[in-house]
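File shown: target39.pdb (PDB, C-alpha atoms, pLDDT in the B column).
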```
MODEL        1
ATOM      1  CA  MET A  18     -10.729 -14.775  16.679  1.00 79.00           C
ATOM      2  CA  LYS A  19     -14.423 -14.782  17.501  1.00 96.00           C
ATOM      3  CA  SER A  20     -15.794 -14.058  14.025  1.00 97.00           C
ATOM      4  CA  VAL A  21     -14.670 -15.393  10.628  1.00 98.00           C
ATOM      5  CA  PHE A  22     -16.115 -14.075   7.372  1.00 98.00           C
ATOM      6  CA  VAL A  23     -15.722 -16.130   4.184  1.00 98.00           C
ATOM      7  CA  THR A  24     -16.368 -14.496   0.809  1.00 97.00           C
ATOM      8  CA  VAL A  25     -16.320 -15.718  -2.777  1.00 95.00           C
ATOM      9  CA  GLY A  26     -17.480 -12.385  -4.211  1.00 90.00           C
ATOM     10  CA  THR A  27     -19.822 -12.602  -7.187  1.00 89.00           C
ATOM     11  CA  THR A  28     -18.366 -15.912  -8.365  1.00 88.00           C
ATOM     12  CA  SER A  29     -18.955 -19.555  -7.542  1.00 92.00           C
ATOM     13  CA  PHE A  30     -16.285 -21.327  -5.484  1.00 95.00           C
ATOM     14  CA  ASP A  31     -18.022 -24.352  -3.980  1.00 97.00           C
ATOM     15  CA  GLU A  32     -14.687 -26.000  -3.148  1.00 96.00           C
ATOM     16  CA  LEU A  33     -13.841 -23.178  -0.732  1.00 97.00           C
ATOM     17  CA  ILE A  34     -17.298 -23.246   0.865  1.00 98.00           C
ATOM     18  CA  ALA A  35     -17.080 -27.053   1.255  1.00 97.00           C
ATOM     19  CA  ALA A  36     -13.564 -26.867   2.707  1.00 97.00           C
ATOM     20  CA  VAL A  37     -14.261 -24.110   5.233  1.00 98.00           C
ATOM     21  CA  SER A  38     -17.571 -25.602   6.381  1.00 97.00           C
ATOM     22  CA  SER A  39     -16.158 -29.117   6.727  1.00 97.00           C
ATOM     23  CA  PRO A  40     -16.198 -30.619  10.229  1.00 96.00           C
ATOM     24  CA  ALA A  41     -12.380 -30.513  10.336  1.00 97.00           C
ATOM     25  CA  ALA A  42     -12.142 -26.823   9.400  1.00 97.00           C
ATOM     26  CA  GLU A  43     -14.952 -25.804  11.728  1.00 96.00           C
ATOM     27  CA  GLU A  44     -13.314 -27.738  14.574  1.00 96.00           C
ATOM     28  CA  VAL A  45     -10.029 -25.885  14.023  1.00 97.00           C
ATOM     29  CA  LEU A  46     -11.866 -22.555  13.884  1.00 97.00           C
ATOM     30  CA  ARG A  47     -13.726 -23.347  17.118  1.00 96.00           C
ATOM     31  CA  SER A  48     -10.465 -24.399  18.793  1.00 96.00           C
ATOM     32  CA  ARG A  49      -9.042 -20.986  17.848  1.00 96.00           C
ATOM     33  CA  GLY A  50     -11.960 -19.189  19.472  1.00 96.00           C
ATOM     34  CA  CYS A  51     -14.316 -18.763  16.526  1.00 97.00           C
ATOM     35  CA  ARG A  52     -17.945 -18.538  17.616  1.00 97.00           C
ATOM     36  CA  LEU A  53     -19.403 -17.082  14.387  1.00 97.00           C
ATOM     37  CA  LEU A  54     -18.697 -18.273  10.842  1.00 98.00           C
ATOM     38  CA  VAL A  55     -20.346 -16.182   8.112  1.00 98.00           C
ATOM     39  CA  LEU A  56     -20.323 -17.668   4.599  1.00 98.00           C
ATOM     40  CA  GLN A  57     -20.996 -15.495   1.542  1.00 97.00           C
ATOM     41  CA  ILE A  58     -21.502 -18.190  -1.110  1.00 97.00           C
ATOM     42  CA  GLY A  59     -22.132 -16.102  -4.240  1.00 95.00           C
ATOM     43  CA  ARG A  60     -23.485 -18.051  -7.203  1.00 95.00           C
ATOM     44  CA  GLY A  61     -22.350 -21.409  -5.845  1.00 94.00           C
ATOM     45  CA  ALA A  62     -24.487 -24.537  -5.920  1.00 94.00           C
ATOM     46  CA  LEU A  63     -23.356 -25.575  -2.447  1.00 93.00           C
ATOM     47  CA  GLN A  64     -25.326 -23.943   0.353  1.00 93.00           C
ATOM     48  CA  PRO A  65     -24.450 -25.275   3.817  1.00 93.00           C
ATOM     49  CA  ALA A  66     -27.252 -25.127   6.341  1.00 93.00           C
ATOM     50  CA  PRO A  67     -27.196 -22.327   8.875  1.00 92.00           C
ATOM     51  CA  GLN A  68     -26.285 -23.506  12.352  1.00 91.00           C
ATOM     52  CA  HIS A  69     -27.316 -21.790  15.561  1.00 92.00           C
ATOM     53  CA  GLY A  70     -25.864 -23.518  18.608  1.00 88.00           C
ATOM     54  CA  PRO A  71     -24.916 -21.998  21.949  1.00 88.00           C
ATOM     55  CA  ALA A  72     -21.175 -22.170  21.222  1.00 91.00           C
ATOM     56  CA  PHE A  73     -21.061 -21.851  17.419  1.00 94.00           C
ATOM     57  CA  VAL A  74     -23.159 -20.082  14.785  1.00 96.00           C
ATOM     58  CA  ARG A  75     -22.891 -20.489  11.010  1.00 97.00           C
ATOM     59  CA  GLU A  76     -24.672 -17.910   8.861  1.00 96.00           C
ATOM     60  CA  VAL A  77     -25.011 -18.304   5.094  1.00 97.00           C
ATOM     61  CA  PHE A  78     -26.040 -15.838   2.387  1.00 96.00           C
ATOM     62  CA  ARG A  79     -25.505 -15.354  -1.349  1.00 96.00           C
ATOM     63  CA  PHE A  80     -25.249 -11.608  -1.888  1.00 95.00           C
ATOM     64  CA  LYS A  81     -25.709  -8.320  -0.071  1.00 93.00           C
ATOM     65  CA  GLU A  82     -25.627  -4.791  -1.359  1.00 92.00           C
ATOM     66  CA  SER A  83     -22.451  -4.256   0.670  1.00 91.00           C
ATOM     67  CA  LEU A  84     -20.083  -6.544   2.534  1.00 93.00           C
ATOM     68  CA  ALA A  85     -18.594  -3.647   4.499  1.00 93.00           C
ATOM     69  CA  GLU A  86     -20.306  -4.529   7.784  1.00 95.00           C
ATOM     70  CA  ASP A  87     -19.329  -8.203   7.489  1.00 96.00           C
ATOM     71  CA  LEU A  88     -15.723  -7.179   6.854  1.00 96.00           C
ATOM     72  CA  ARG A  89     -15.708  -4.681   9.727  1.00 96.00           C
ATOM     73  CA  SER A  90     -17.045  -7.170  12.252  1.00 96.00           C
ATOM     74  CA  ALA A  91     -14.753 -10.060  11.235  1.00 98.00           C
ATOM     75  CA  ASP A  92     -11.627 -11.006  13.147  1.00 97.00           C
ATOM     76  CA  LEU A  93     -10.418 -12.980  10.111  1.00 98.00           C
ATOM     77  CA  VAL A  94     -11.484 -12.904   6.468  1.00 98.00           C
ATOM     78  CA  ILE A  95     -11.078 -15.975   4.271  1.00 98.00           C
ATOM     79  CA  SER A  96     -11.504 -15.060   0.616  1.00 97.00           C
ATOM     80  CA  HIS A  97     -11.045 -16.171  -2.931  1.00 93.00           C
ATOM     81  CA  ALA A  98      -8.228 -14.235  -4.608  1.00 88.00           C
ATOM     82  CA  GLY A  99     -10.458 -11.798  -6.448  1.00 87.00           C
ATOM     83  CA  ALA A 100      -8.777  -8.404  -6.617  1.00 83.00           C
ATOM     84  CA  GLY A 101     -11.848  -6.540  -5.340  1.00 86.00           C
ATOM     85  CA  SER A 102     -12.342  -8.834  -2.363  1.00 90.00           C
ATOM     86  CA  CYS A 103      -8.648  -8.673  -1.446  1.00 90.00           C
ATOM     87  CA  LEU A 104      -8.442  -4.892  -1.738  1.00 87.00           C
ATOM     88  CA  GLU A 105     -11.635  -4.271   0.236  1.00 91.00           C
ATOM     89  CA  THR A 106     -10.455  -6.581   3.048  1.00 94.00           C
ATOM     90  CA  LEU A 107      -6.941  -5.143   3.173  1.00 92.00           C
ATOM     91  CA  GLU A 108      -8.233  -1.556   3.180  1.00 90.00           C
ATOM     92  CA  GLU A 109     -10.436  -2.514   6.147  1.00 92.00           C
ATOM     93  CA  GLY A 110      -7.258  -3.608   7.932  1.00 92.00           C
ATOM     94  CA  LYS A 111      -8.434  -7.171   8.500  1.00 96.00           C
ATOM     95  CA  PRO A 112      -6.244 -10.291   8.550  1.00 97.00           C
ATOM     96  CA  LEU A 113      -6.750 -12.089   5.254  1.00 97.00           C
ATOM     97  CA  LEU A 114      -6.329 -15.727   4.285  1.00 98.00           C
ATOM     98  CA  VAL A 115      -6.613 -16.061   0.511  1.00 96.00           C
ATOM     99  CA  VAL A 116      -7.691 -19.431  -0.878  1.00 96.00           C
ATOM    100  CA  ILE A 117      -6.678 -20.076  -4.469  1.00 92.00           C
ATOM    101  CA  ASN A 118      -9.187 -21.479  -6.939  1.00 88.00           C
ATOM    102  CA  GLU A 119      -6.940 -23.863  -8.832  1.00 82.00           C
ATOM    103  CA  LYS A 120      -9.611 -24.584 -11.441  1.00 80.00           C
ATOM    104  CA  LEU A 121      -9.244 -21.164 -13.033  1.00 73.00           C
ATOM    105  CA  MET A 122      -7.348 -20.972 -16.303  1.00 58.00           C
ATOM    106  CA  ASP A 123      -4.462 -18.468 -16.560  1.00 62.00           C
ATOM    107  CA  ASN A 124      -4.589 -18.178 -12.804  1.00 65.00           C
ATOM    108  CA  HIS A 125      -3.839 -14.525 -12.103  1.00 72.00           C
ATOM    109  CA  GLN A 126      -5.409 -15.115  -8.692  1.00 75.00           C
ATOM    110  CA  LEU A 127      -2.427 -17.266  -7.733  1.00 81.00           C
ATOM    111  CA  GLU A 128      -0.019 -14.556  -8.881  1.00 83.00           C
ATOM    112  CA  LEU A 129      -1.933 -11.925  -6.899  1.00 83.00           C
ATOM    113  CA  ALA A 130      -2.000 -14.055  -3.743  1.00 88.00           C
ATOM    114  CA  ARG A 131       1.705 -14.893  -4.031  1.00 88.00           C
ATOM    115  CA  GLN A 132       2.673 -11.244  -4.423  1.00 86.00           C
ATOM    116  CA  LEU A 133       0.474 -10.067  -1.539  1.00 89.00           C
ATOM    117  CA  HIS A 134       1.948 -12.878   0.581  1.00 93.00           C
ATOM    118  CA  LYS A 135       5.506 -12.006  -0.460  1.00 92.00           C
ATOM    119  CA  ASP A 136       4.819  -8.410   0.603  1.00 90.00           C
ATOM    120  CA  GLY A 137       3.607  -9.732   3.977  1.00 94.00           C
ATOM    121  CA  HIS A 138      -0.046  -8.662   3.690  1.00 94.00           C
ATOM    122  CA  VAL A 139      -1.855 -12.027   3.411  1.00 96.00           C
ATOM    123  CA  LEU A 140      -1.553 -15.727   4.041  1.00 97.00           C
ATOM    124  CA  TYR A 141      -2.614 -18.034   1.238  1.00 96.00           C
ATOM    125  CA  CYS A 142      -3.348 -21.673   0.570  1.00 96.00           C
ATOM    126  CA  ASN A 143      -5.543 -23.874  -1.588  1.00 94.00           C
ATOM    127  CA  CYS A 144      -8.635 -25.821  -0.585  1.00 96.00           C
ATOM    128  CA  SER A 145      -6.710 -29.015   0.140  1.00 96.00           C
ATOM    129  CA  THR A 146      -4.359 -27.248   2.586  1.00 97.00           C
ATOM    130  CA  LEU A 147      -6.965 -24.979   4.238  1.00 98.00           C
ATOM    131  CA  VAL A 148      -7.335 -26.964   7.477  1.00 98.00           C
ATOM    132  CA  GLU A 149      -3.568 -27.238   7.909  1.00 98.00           C
ATOM    133  CA  THR A 150      -3.170 -23.509   7.237  1.00 97.00           C
ATOM    134  CA  LEU A 151      -5.903 -22.633   9.749  1.00 98.00           C
ATOM    135  CA  GLN A 152      -4.103 -24.758  12.347  1.00 97.00           C
ATOM    136  CA  SER A 153      -0.663 -23.254  11.818  1.00 97.00           C
ATOM    137  CA  MET A 154      -1.379 -19.654  10.790  1.00 97.00           C
ATOM    138  CA  ASP A 155       0.087 -16.787  12.785  1.00 96.00           C
ATOM    139  CA  LEU A 156      -1.909 -13.667  11.961  1.00 95.00           C
ATOM    140  CA  SER A 157       0.476 -11.473  13.962  1.00 95.00           C
ATOM    141  CA  THR A 158       3.047 -11.793  11.166  1.00 95.00           C
ATOM    142  CA  LEU A 159       0.854  -9.899   8.676  1.00 96.00           C
ATOM    143  CA  LYS A 160       1.774  -6.330   7.765  1.00 94.00           C
ATOM    144  CA  PRO A 161      -0.894  -3.645   7.345  1.00 91.00           C
ATOM    145  CA  PHE A 162      -1.697  -2.714   3.759  1.00 86.00           C
ATOM    146  CA  PRO A 163      -0.995   0.971   3.008  1.00 79.00           C
ATOM    147  CA  PRO A 164      -4.409   2.657   3.130  1.00 71.00           C
ATOM    148  CA  GLY A 165      -6.014   4.860   0.536  1.00 65.00           C
ATOM    149  CA  GLN A 166      -3.824   4.027  -2.442  1.00 61.00           C
ATOM    150  CA  PRO A 167      -6.096   2.302  -4.963  1.00 63.00           C
ATOM    151  CA  GLU A 168      -3.973   3.562  -7.831  1.00 68.00           C
ATOM    152  CA  LYS A 169      -0.972   1.657  -6.439  1.00 65.00           C
ATOM    153  CA  PHE A 170      -3.121  -1.456  -6.172  1.00 65.00           C
ATOM    154  CA  ALA A 171      -4.245  -0.966  -9.784  1.00 68.00           C
ATOM    155  CA  LEU A 172      -0.608  -0.695 -10.900  1.00 67.00           C
ATOM    156  CA  PHE A 173       0.191  -3.796  -8.853  1.00 66.00           C
ATOM    157  CA  LEU A 174      -2.640  -5.698 -10.586  1.00 66.00           C
ATOM    158  CA  ASP A 175      -1.441  -4.532 -13.997  1.00 68.00           C
ATOM    159  CA  LYS A 176       2.015  -5.862 -13.147  1.00 67.00           C
ATOM    160  CA  VAL A 177       0.659  -9.218 -11.936  1.00 65.00           C
ATOM    161  CA  ALA A 178      -1.545  -9.557 -15.021  1.00 63.00           C
ATOM    162  CA  GLY A 179       1.337  -8.690 -17.342  1.00 64.00           C
ATOM    163  CA  PHE A 180      -0.141  -5.428 -18.636  1.00 61.00           C
ATOM    164  CA  GLU A 181       2.835  -3.347 -17.540  1.00 58.00           C
TER
ENDMDL
END
```
Would you write the structure of this file as structure tokens?
Amino acid sequence: MKSVFVTVGTTSFDELIAAVSSPAAEEVLRSRGCRLLVLQIGRGALQPAPQHGPAFVREVFRFKESLAEDLRSADLVISHAGAGSCLETLEEGKPLLVVINEKLMDNHQLELARQLHKDGHVLYCNCSTLVETLQSMDLSTLKPFPPGQPEKFALFLDKVAGFE
């Protein structure tokens, strides 16, 4: 797991950025072989400083036209539970750890993460259990997401959101 990409999409999720860039989380990531941590911080107020050491690099940016290259080069993606971020990561075939934003009202993100976890496609946690999850996670247990079926994902989202 040399490269970890963290994304909050177009939102603000400072709690996730703080948790994943904490000394404890970065130590666990380094102990698991991570040498590059890329943080996409969106509209958040928190902006950790970039770090460029010989054994560990932290890159930070707000937005890019496309996250495709960041997703492709990552060995692990840590993401908020936004449907677009989850789908894009799963379609890229990357291991995904979804971190729930518990401050959201009517938290459909939690329902989405639970269902994707139940189906074996993702691991999930909240900010307070992120370090523990990073320590204990076994990415080999994750099942590939069926590719090229966005209409099935849309139906799945409708079901989670209660529109079906």
- Task: Could you tell me which residues the PyMOL selection byres ((chain A and resi 97) around 10) returns for this structure, as a ChimeraX atom specification?
- Result: /A:23-26,28-30,33,94-96,98-103,114-118,126-127,130,141,143
Can I get the selected residues back with C-alpha atoms, as a PDB file, in the coordinates of the input?
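Here's the written file again27.pdb:
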```
ATOM      1  CA  VAL A  23     -15.722 -16.130   4.184  1.00 98.00           C
ATOM      2  CA  THR A  24     -16.368 -14.496   0.809  1.00 97.00           C
ATOM      3  CA  VAL A  25     -16.320 -15.718  -2.777  1.00 95.00           C
ATOM      4  CA  GLY A  26     -17.480 -12.385  -4.211  1.00 90.00           C
ATOM      5  CA  THR A  28     -18.366 -15.912  -8.365  1.00 88.00           C
ATOM      6  CA  SER A  29     -18.955 -19.555  -7.542  1.00 92.00           C
ATOM      7  CA  PHE A  30     -16.285 -21.327  -5.484  1.00 95.00           C
ATOM      8  CA  LEU A  33     -13.841 -23.178  -0.732  1.00 97.00           C
ATOM      9  CA  VAL A  94     -11.484 -12.904   6.468  1.00 98.00           C
ATOM     10  CA  ILE A  95     -11.078 -15.975   4.271  1.00 98.00           C
ATOM     11  CA  SER A  96     -11.504 -15.060   0.616  1.00 97.00           C
ATOM     12  CA  ALA A  98      -8.228 -14.235  -4.608  1.00 88.00           C
ATOM     13  CA  GLY A  99     -10.458 -11.798  -6.448  1.00 87.00           C
ATOM     14  CA  ALA A 100      -8.777  -8.404  -6.617  1.00 83.00           C
ATOM     15  CA  GLY A 101     -11.848  -6.540  -5.340  1.00 86.00           C
ATOM     16  CA  SER A 102     -12.342  -8.834  -2.363  1.00 90.00           C
ATOM     17  CA  CYS A 103      -8.648  -8.673  -1.446  1.00 90.00           C
ATOM     18  CA  LEU A 114      -6.329 -15.727   4.285  1.00 98.00           C
ATOM     19  CA  VAL A 115      -6.613 -16.061   0.511  1.00 96.00           C
ATOM     20  CA  VAL A 116      -7.691 -19.431  -0.878  1.00 96.00           C
ATOM     21  CA  ILE A 117      -6.678 -20.076  -4.469  1.00 92.00           C
ATOM     22  CA  ASN A 118      -9.187 -21.479  -6.939  1.00 88.00           C
ATOM     23  CA  GLN A 126      -5.409 -15.115  -8.692  1.00 75.00           C
ATOM     24  CA  LEU A 127      -2.427 -17.266  -7.733  1.00 81.00           C
ATOM     25  CA  ALA A 130      -2.000 -14.055  -3.743  1.00 88.00           C
ATOM     26  CA  TYR A 141      -2.614 -18.034   1.238  1.00 96.00           C
ATOM     27  CA  ASN A 143      -5.543 -23.874  -1.588  1.00 94.00           C
TER      28      ASN A 143
END
```
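Take CA of Cys142 (chain A) and CA of Arg89 (chain A): the distance between them is 22.9 Å.
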- Message: Assuming the chain letters and numbering stay as they are in my file, what does the PyMOL selection byres ((chain A and resi 71-73) around 8) actually select? List them as a VMD selection string.
- Response: chain A and resid 47 51 to 54 68 to 70 74 to 75
Centre, x/y/z edge lengths, axis-aligned box for region 39-56 of chain A with 5 Å per side, as JSON:
```
{"center_x": -14.7, "center_y": -23.4, "center_z": 12.0, "size_x": 21.3, "size_y": 24.4, "size_z": 24.9}
```
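The residue that comes closest to Leu84 (chain A), out of A:Ala66, A:Leu159, A:Leu56, A:Leu151 and on the basis of all atoms listed in the file, is A:Leu56.
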- Which value, in Å to one decimal, gives the distance between CA of Asp31 (chain A) and CA of Gly59 (chain A)?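 Between these atoms lies a distance of 9.2 Å.
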- Message: Under the rule that all atoms listed in the file are counted, which of A:Leu133, A:Leu93, A:Val77, A:Ala35 is the nearest residue to Ser157 (chain A)?
- Response: A:Leu93
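Counting from CA of Thr158 (chain A), the distance to CA of Gly137 (chain A) is 7.5 Å.
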- Message: Taking only C-alpha atoms into account, name the residue in A:Glu128, A:Glu82, A:Asp87, A:Asp136 that is nearest to Pro163 (chain A).
- Response: A:Asp136
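Each of A:Glu119, A:Glu86, A:Glu149, A:Asp92 was checked against Ala41 (chain A) using only C-alpha atoms; the smallest atom-to-atom distance is that of A:Glu149.
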- Nearest to Pro164 (chain A) by atom-to-atom distance, counting only C-alpha atoms, from A:Leu107, A:Gln57, A:Val148, A:His138: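 Of all the options, A:Leu107 lies closest to Pro164 (chain A).
Using only C-alpha atoms, the nearest neighbour of Glu109 (chain A) within the list A:Val45, A:Lys135, A:Gly61, A:Leu88 is A:Leu88.
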Please write as a compact mmCIF listing (two decimals) with C-alpha atoms, keeping the file's coordinate frame the list of polymer residues whose atoms come within 12 Å of (-29.9, -11.5, -5.9), counting only C-alpha atoms and keeping to the coordinates of the file.
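Listed below is the output, selection15.txt:
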```txt
# COMPACT_ATOMS: atom_id res chain seq x y z
CA THR A 27 -19.82 -12.60 -7.19
CA ILE A 58 -21.50 -18.19 -1.11
CA GLY A 59 -22.13 -16.10 -4.24
CA ARG A 60 -23.48 -18.05 -7.20
CA PHE A 78 -26.04 -15.84 2.39
CA ARG A 79 -25.50 -15.35 -1.35
CA PHE A 80 -25.25 -11.61 -1.89
CA LYS A 81 -25.71 -8.32 -0.07
CA GLU A 82 -25.63 -4.79 -1.36
```
